[in-house]
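In what follows, a structure is listed as structure tokens, so that the remarks can point back to it.
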Amino acid sequence: MRRNTHFSQVASRYLFQEIRERKRDFLQQYPHAELISLSIGDTTEPITPHICQGLTSISSSLGSEAGYMGYGPEQGILELRQAIATTLYHDRVDADDVFVSDGAKCDIGRLQTLFGPETSVALQDPAYPAYLDTSIIHRGRDSIILLPCTPENHFFPDLALAEKADVLFLCSPNNPTGALFSHEQLATIVQFAKDRKKIIVFDTAYSLYIQGDGPRSIYEIAGAKEVAIEIGSFSKIAGFSGVRLGWTVVPKELHYHSGEPVRADWMRLITTFYNGSSIISQHGGIAALQPAGMSEMRELVSFYLESTGLLLEAFKQLGYEVYGGIHAPYLWVRLQGKSSWDAFDELLRTAHVLTTPGIGFGESGDGFLRISGFGKRATILEAIGRLHRYRQ
Ligand code: PLP
């Protein structure tokens, strides 16, 4: 069989695999080094009590005659879809249009299949690497338009560059920059998509991290249902990165040029490719969206944001130009004249601190590091101490 030639166009390793390998090589050379990771954006705190109870009670009931369940609906348990629509979207979307999944990343891949081989895609640069890599694997690099989002344009893309794209993948607050679109900016994007009949895929994996009244969903913008699909995730808000649970909203109002509803194809696709999310995760999700679960999630998010705030202060004190860290658990740090990988290696060698090179998120990310605020508090404080010592 011939290889899918698009695989030769993606980097041979996914970004975090490359970081893991560099870490392993370093530890082979310096086996006693005690490394601290401010790198991969993974949660570190235990699942909170009420949410954990949701997971454990369904797990044990599966072991009883009365409580056993097999396959559920591919699109998710209705109670969870309803809870997502009501609690997270304040009934701005119909439960019927919420499709529960095993995580946002998995749905990004499935959406690429929905869009098919002919579609041209525009992405924020820098962005979460899965948008780029899944786009390349499905249809090659030539189909992709990068939209630089830098401090110089206040992280707002030049939409004129996306003129030829059919689909815009957008994330707010963006991983890695932490930049949040305002209501006005989002309204501009929605209008652009409407005027030119494009589809937006809006990733809200960090929506609960948003402070103040910034838009937590693209559906806060009037008319957005006619142009936007929205992805969400329990990974960073409930600590479900290992449990696996997310969702995608495909509104009935969204149509192709030809007039057919996108939702019908999405339903066809997931009932074909997917057999539903784990019942255990889904019951964890239901617990997370109950009042006790919501307040636990808010507390968890505050904890990570507090850690991020400590890192933000530290990097500022050290004289770095820093972005993000307010609405997202990430800092985007400019590296006075160094390349991302050089700065990554230098911090690893001198401070034994792992970071994420900005170039891993796109060409416009070179010259930046992403610093993650996920971590035990003691680890974050230790990292801050080391950074101060390293800069002296
Ligand atoms: N989208 C963004 C922007 C992310 O940063 C991440 C994870 O880091 C994901 C999606 C993946 O989420 P999930 O764990 O639900 O697959």
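Each chain in the structure tokens gets a letter, A, B and so on, in the order shown; residues start at 1 in every chain, and ligands are counted from 1 in the order they appear.
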
key: Cut-off 6 Å, only C-alpha atoms and all ligand atoms, neighbours of ligand 1 as a list in words   =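 Residues lying within 6 Å of ligand 1: Gly41, Gly103, Ala104, Lys105, Cys106, Tyr128, Asn175, Asp203, Ala205, Ser233, Ser235, Ser241 and Gly246 of chain A.
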
Next, the residues of the selection above should be written as an mmCIF file, in the first residue's frame with N, CA, C and O atoms.
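As written to disk, out_11.cif reads:
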data_model
loop_
_atom_site.group_PDB
_atom_site.id
_atom_site.type_symbol
_atom_site.label_atom_id
_atom_site.label_comp_id
_atom_site.auth_asym_id
_atom_site.auth_seq_id
_atom_site.Cartn_x
_atom_site.Cartn_y
_atom_site.Cartn_z
ATOM 1 N N GLY A 41 0.659 21.374 28.906
ATOM 2 C CA GLY A 41 -0.486 21.968 29.605
ATOM 3 C C GLY A 41 -1.383 20.894 30.176
ATOM 4 O O GLY A 41 -2.519 20.760 29.751
ATOM 5 N N GLY A 103 -13.339 14.053 23.955
ATOM 6 C CA GLY A 103 -12.385 15.155 24.095
ATOM 7 C C GLY A 103 -12.326 16.023 22.861
ATOM 8 O O GLY A 103 -12.704 15.594 21.755
ATOM 9 N N ALA A 104 -11.862 17.246 23.061
ATOM 10 C CA ALA A 104 -11.833 18.226 21.980
ATOM 11 C C ALA A 104 -10.866 17.812 20.869
ATOM 12 O O ALA A 104 -11.152 17.983 19.684
ATOM 13 N N LYS A 105 -9.731 17.240 21.260
ATOM 14 C CA LYS A 105 -8.734 16.894 20.235
ATOM 15 C C LYS A 105 -9.298 15.839 19.281
ATOM 16 O O LYS A 105 -9.117 15.917 18.063
ATOM 17 N N CYS A 106 -10.015 14.874 19.863
ATOM 18 C CA CYS A 106 -10.590 13.803 19.041
ATOM 19 C C CYS A 106 -11.624 14.393 18.080
ATOM 20 O O CYS A 106 -11.708 13.977 16.919
ATOM 21 N N TYR A 128 -2.867 25.813 18.880
ATOM 22 C CA TYR A 128 -2.803 24.430 19.364
ATOM 23 C C TYR A 128 -2.462 23.528 18.159
ATOM 24 O O TYR A 128 -3.143 23.586 17.128
ATOM 25 N N ASN A 175 -4.693 28.998 23.129
ATOM 26 C CA ASN A 175 -3.514 28.269 23.563
ATOM 27 C C ASN A 175 -2.583 28.301 22.368
ATOM 28 O O ASN A 175 -2.974 27.779 21.314
ATOM 29 N N ASP A 203 -12.902 26.915 19.364
ATOM 30 C CA ASP A 203 -12.447 26.030 20.446
ATOM 31 C C ASP A 203 -12.481 26.802 21.763
ATOM 32 O O ASP A 203 -11.800 27.819 21.919
ATOM 33 N N ALA A 205 -11.819 25.385 24.888
ATOM 34 C CA ALA A 205 -11.291 24.469 25.920
ATOM 35 C C ALA A 205 -10.993 25.184 27.239
ATOM 36 O O ALA A 205 -10.971 24.561 28.291
ATOM 37 N N SER A 233 -14.366 21.221 26.243
ATOM 38 C CA SER A 233 -13.640 20.113 26.874
ATOM 39 C C SER A 233 -13.717 20.197 28.392
ATOM 40 O O SER A 233 -13.699 21.296 28.957
ATOM 41 N N SER A 235 -11.354 18.711 30.066
ATOM 42 C CA SER A 235 -9.972 18.391 30.482
ATOM 43 C C SER A 235 -9.397 19.430 31.432
ATOM 44 O O SER A 235 -8.852 19.092 32.475
ATOM 45 N N SER A 241 -8.365 15.385 31.808
ATOM 46 C CA SER A 241 -7.499 15.095 30.659
ATOM 47 C C SER A 241 -7.249 13.593 30.529
ATOM 48 O O SER A 241 -7.049 13.081 29.433
ATOM 49 N N GLY A 246 -15.523 15.639 26.308
ATOM 50 C CA GLY A 246 -15.652 16.950 25.658
ATOM 51 C C GLY A 246 -16.994 17.007 24.939
ATOM 52 O O GLY A 246 -17.843 16.141 25.127
#

Show me, as CSV, the residues of segment 238-334 of chain A having an atom within 9 Å of segment 383-390 of chain A, each with the closest atom pair and its distance in Å, using only C-alpha atoms.
residue,atom,partner,partner_atom,distance
A:Leu310,CA,A:Ile384,CA,8.2
A:Leu311,CA,A:Ile384,CA,6.7
A:Ala314,CA,A:Ile384,CA,6.4
A:Phe315,CA,A:Leu387,CA,8.4
A:Gln317,CA,A:His388,CA,8.9
A:Leu318,CA,A:His388,CA,7.1

With all heavy atoms retained, could you export that selection as a PDB file, in the first residue's frame?
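Saved file again26.pdb follows:
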ATOM      1  N   LEU A 310       1.341  34.020  39.632  1.00  0.00           N
ATOM      2  CA  LEU A 310       2.651  34.078  40.292  1.00  0.00           C
ATOM      3  C   LEU A 310       3.769  34.029  39.245  1.00  0.00           C
ATOM      4  O   LEU A 310       4.753  34.781  39.315  1.00  0.00           O
ATOM      5  CB  LEU A 310       2.810  32.900  41.266  1.00  0.00           C
ATOM      6  CG  LEU A 310       1.867  32.900  42.475  1.00  0.00           C
ATOM      7  CD1 LEU A 310       1.970  31.584  43.243  1.00  0.00           C
ATOM      8  CD2 LEU A 310       2.188  34.079  43.394  1.00  0.00           C
ATOM      9  N   LEU A 311       3.577  33.166  38.257  1.00  0.00           N
ATOM     10  CA  LEU A 311       4.585  33.070  37.187  1.00  0.00           C
ATOM     11  C   LEU A 311       4.635  34.363  36.374  1.00  0.00           C
ATOM     12  O   LEU A 311       5.717  34.834  35.995  1.00  0.00           O
ATOM     13  CB  LEU A 311       4.261  31.892  36.266  1.00  0.00           C
ATOM     14  CG  LEU A 311       4.550  30.509  36.850  1.00  0.00           C
ATOM     15  CD1 LEU A 311       3.825  29.420  36.057  1.00  0.00           C
ATOM     16  CD2 LEU A 311       6.057  30.231  36.859  1.00  0.00           C
ATOM     17  N   ALA A 314       6.575  36.896  38.212  1.00  0.00           N
ATOM     18  CA  ALA A 314       7.996  36.544  38.219  1.00  0.00           C
ATOM     19  C   ALA A 314       8.644  36.902  36.880  1.00  0.00           C
ATOM     20  O   ALA A 314       9.705  37.536  36.836  1.00  0.00           O
ATOM     21  CB  ALA A 314       8.169  35.054  38.510  1.00  0.00           C
ATOM     22  N   PHE A 315       8.002  36.526  35.782  1.00  0.00           N
ATOM     23  CA  PHE A 315       8.598  36.814  34.468  1.00  0.00           C
ATOM     24  C   PHE A 315       8.675  38.319  34.232  1.00  0.00           C
ATOM     25  O   PHE A 315       9.636  38.818  33.655  1.00  0.00           O
ATOM     26  CB  PHE A 315       7.831  36.098  33.352  1.00  0.00           C
ATOM     27  CG  PHE A 315       8.305  34.690  33.134  1.00  0.00           C
ATOM     28  CD1 PHE A 315       7.714  33.632  33.789  1.00  0.00           C
ATOM     29  CD2 PHE A 315       9.391  34.418  32.293  1.00  0.00           C
ATOM     30  CE1 PHE A 315       8.161  32.328  33.611  1.00  0.00           C
ATOM     31  CE2 PHE A 315       9.853  33.123  32.103  1.00  0.00           C
ATOM     32  CZ  PHE A 315       9.237  32.068  32.768  1.00  0.00           C
ATOM     33  N   GLN A 317       9.009  40.608  36.615  1.00  0.00           N
ATOM     34  CA  GLN A 317      10.108  41.101  37.464  1.00  0.00           C
ATOM     35  C   GLN A 317      11.466  40.822  36.841  1.00  0.00           C
ATOM     36  O   GLN A 317      12.405  41.577  36.997  1.00  0.00           O
ATOM     37  CB  GLN A 317      10.064  40.421  38.825  1.00  0.00           C
ATOM     38  CG  GLN A 317       9.119  41.079  39.815  1.00  0.00           C
ATOM     39  CD  GLN A 317       9.036  40.267  41.105  1.00  0.00           C
ATOM     40  OE1 GLN A 317       9.907  39.469  41.411  1.00  0.00           O
ATOM     41  NE2 GLN A 317       7.950  40.471  41.836  1.00  0.00           N
ATOM     42  N   LEU A 318      11.529  39.692  36.122  1.00  0.00           N
ATOM     43  CA  LEU A 318      12.794  39.335  35.485  1.00  0.00           C
ATOM     44  C   LEU A 318      13.026  40.128  34.200  1.00  0.00           C
ATOM     45  O   LEU A 318      14.038  39.951  33.525  1.00  0.00           O
ATOM     46  CB  LEU A 318      12.824  37.836  35.186  1.00  0.00           C
ATOM     47  CG  LEU A 318      12.908  36.936  36.432  1.00  0.00           C
ATOM     48  CD1 LEU A 318      12.604  35.494  36.081  1.00  0.00           C
ATOM     49  CD2 LEU A 318      14.292  37.036  37.074  1.00  0.00           C
TER      50      LEU A 318
END

request  = Record the distance separating atom CA of Asp265 of chain A and atom CA of Ala95 of chain A, expressed in Å with one decimal.
outcome  =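 Taking atom CA of Asp265 of chain A as the start and atom CA of Ala95 of chain A as the end point, the length is 17.3 Å.
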
inquiry  = For Ile47 of chain A, find every residue with an atom within 9 Å (counting only C-alpha atoms), except residues of its own chain fewer than 2 positions away, and show them as number ranges by chain.
reply    = A: 45, 49-52, 238-240

Selected residues written out with N, CA, C and O atoms, as a CSV table (one decimal), in the first residue's frame:
chain,number,residue,atom,x,y,z
A,45,GLU,N,-4.0,18.6,39.7
A,45,GLU,CA,-4.7,18.5,40.9
A,45,GLU,C,-5.7,17.3,40.9
A,45,GLU,O,-6.3,17.1,39.8
A,49,PRO,N,-14.1,16.4,45.0
A,49,PRO,CA,-14.9,15.4,45.6
A,49,PRO,C,-16.3,15.1,45.0
A,49,PRO,O,-16.6,14.0,44.7
A,50,HIS,N,-17.0,16.2,44.7
A,50,HIS,CA,-18.3,15.9,44.2
A,50,HIS,C,-18.3,15.3,42.8
A,50,HIS,O,-19.0,14.4,42.4
A,51,ILE,N,-17.3,15.8,42.0
A,51,ILE,CA,-17.2,15.2,40.6
A,51,ILE,C,-16.7,13.8,40.7
A,51,ILE,O,-17.1,12.9,40.0
A,52,CYS,N,-15.7,13.5,41.6
A,52,CYS,CA,-15.2,12.2,41.8
A,52,CYS,C,-16.3,11.2,42.2
A,52,CYS,O,-16.4,10.1,41.7
A,238,ALA,N,-12.2,20.4,34.7
A,238,ALA,CA,-12.5,19.5,35.7
A,238,ALA,C,-11.4,18.5,36.0
A,238,ALA,O,-11.6,17.6,36.7
A,239,GLY,N,-10.3,18.7,35.3
A,239,GLY,CA,-9.2,17.7,35.4
A,239,GLY,C,-9.4,16.4,34.8
A,239,GLY,O,-9.0,15.4,35.2
A,240,PHE,N,-10.2,16.5,33.6
A,240,PHE,CA,-10.5,15.2,32.9
A,240,PHE,C,-9.6,14.9,31.8
A,240,PHE,O,-10.0,14.2,30.8

Taking only residues of segment 159-208 of chain A that have an atom at most 12 Å from an atom of segment 359-377 of chain A, what is each one's shortest atom pair and its distance in Å to one decimal, using only C-alpha atoms, in chain and number order, as a tab-separated table?
residue	atom	partner	partner_atom	distance
A:Asn174	CA	A:Phe361	CA	10.9
A:Asn175	CA	A:Phe361	CA	8.7
A:Pro176	CA	A:Arg370	CA	6.2
A:Thr177	CA	A:Arg370	CA	7.4
A:Gly178	CA	A:Arg370	CA	9.5
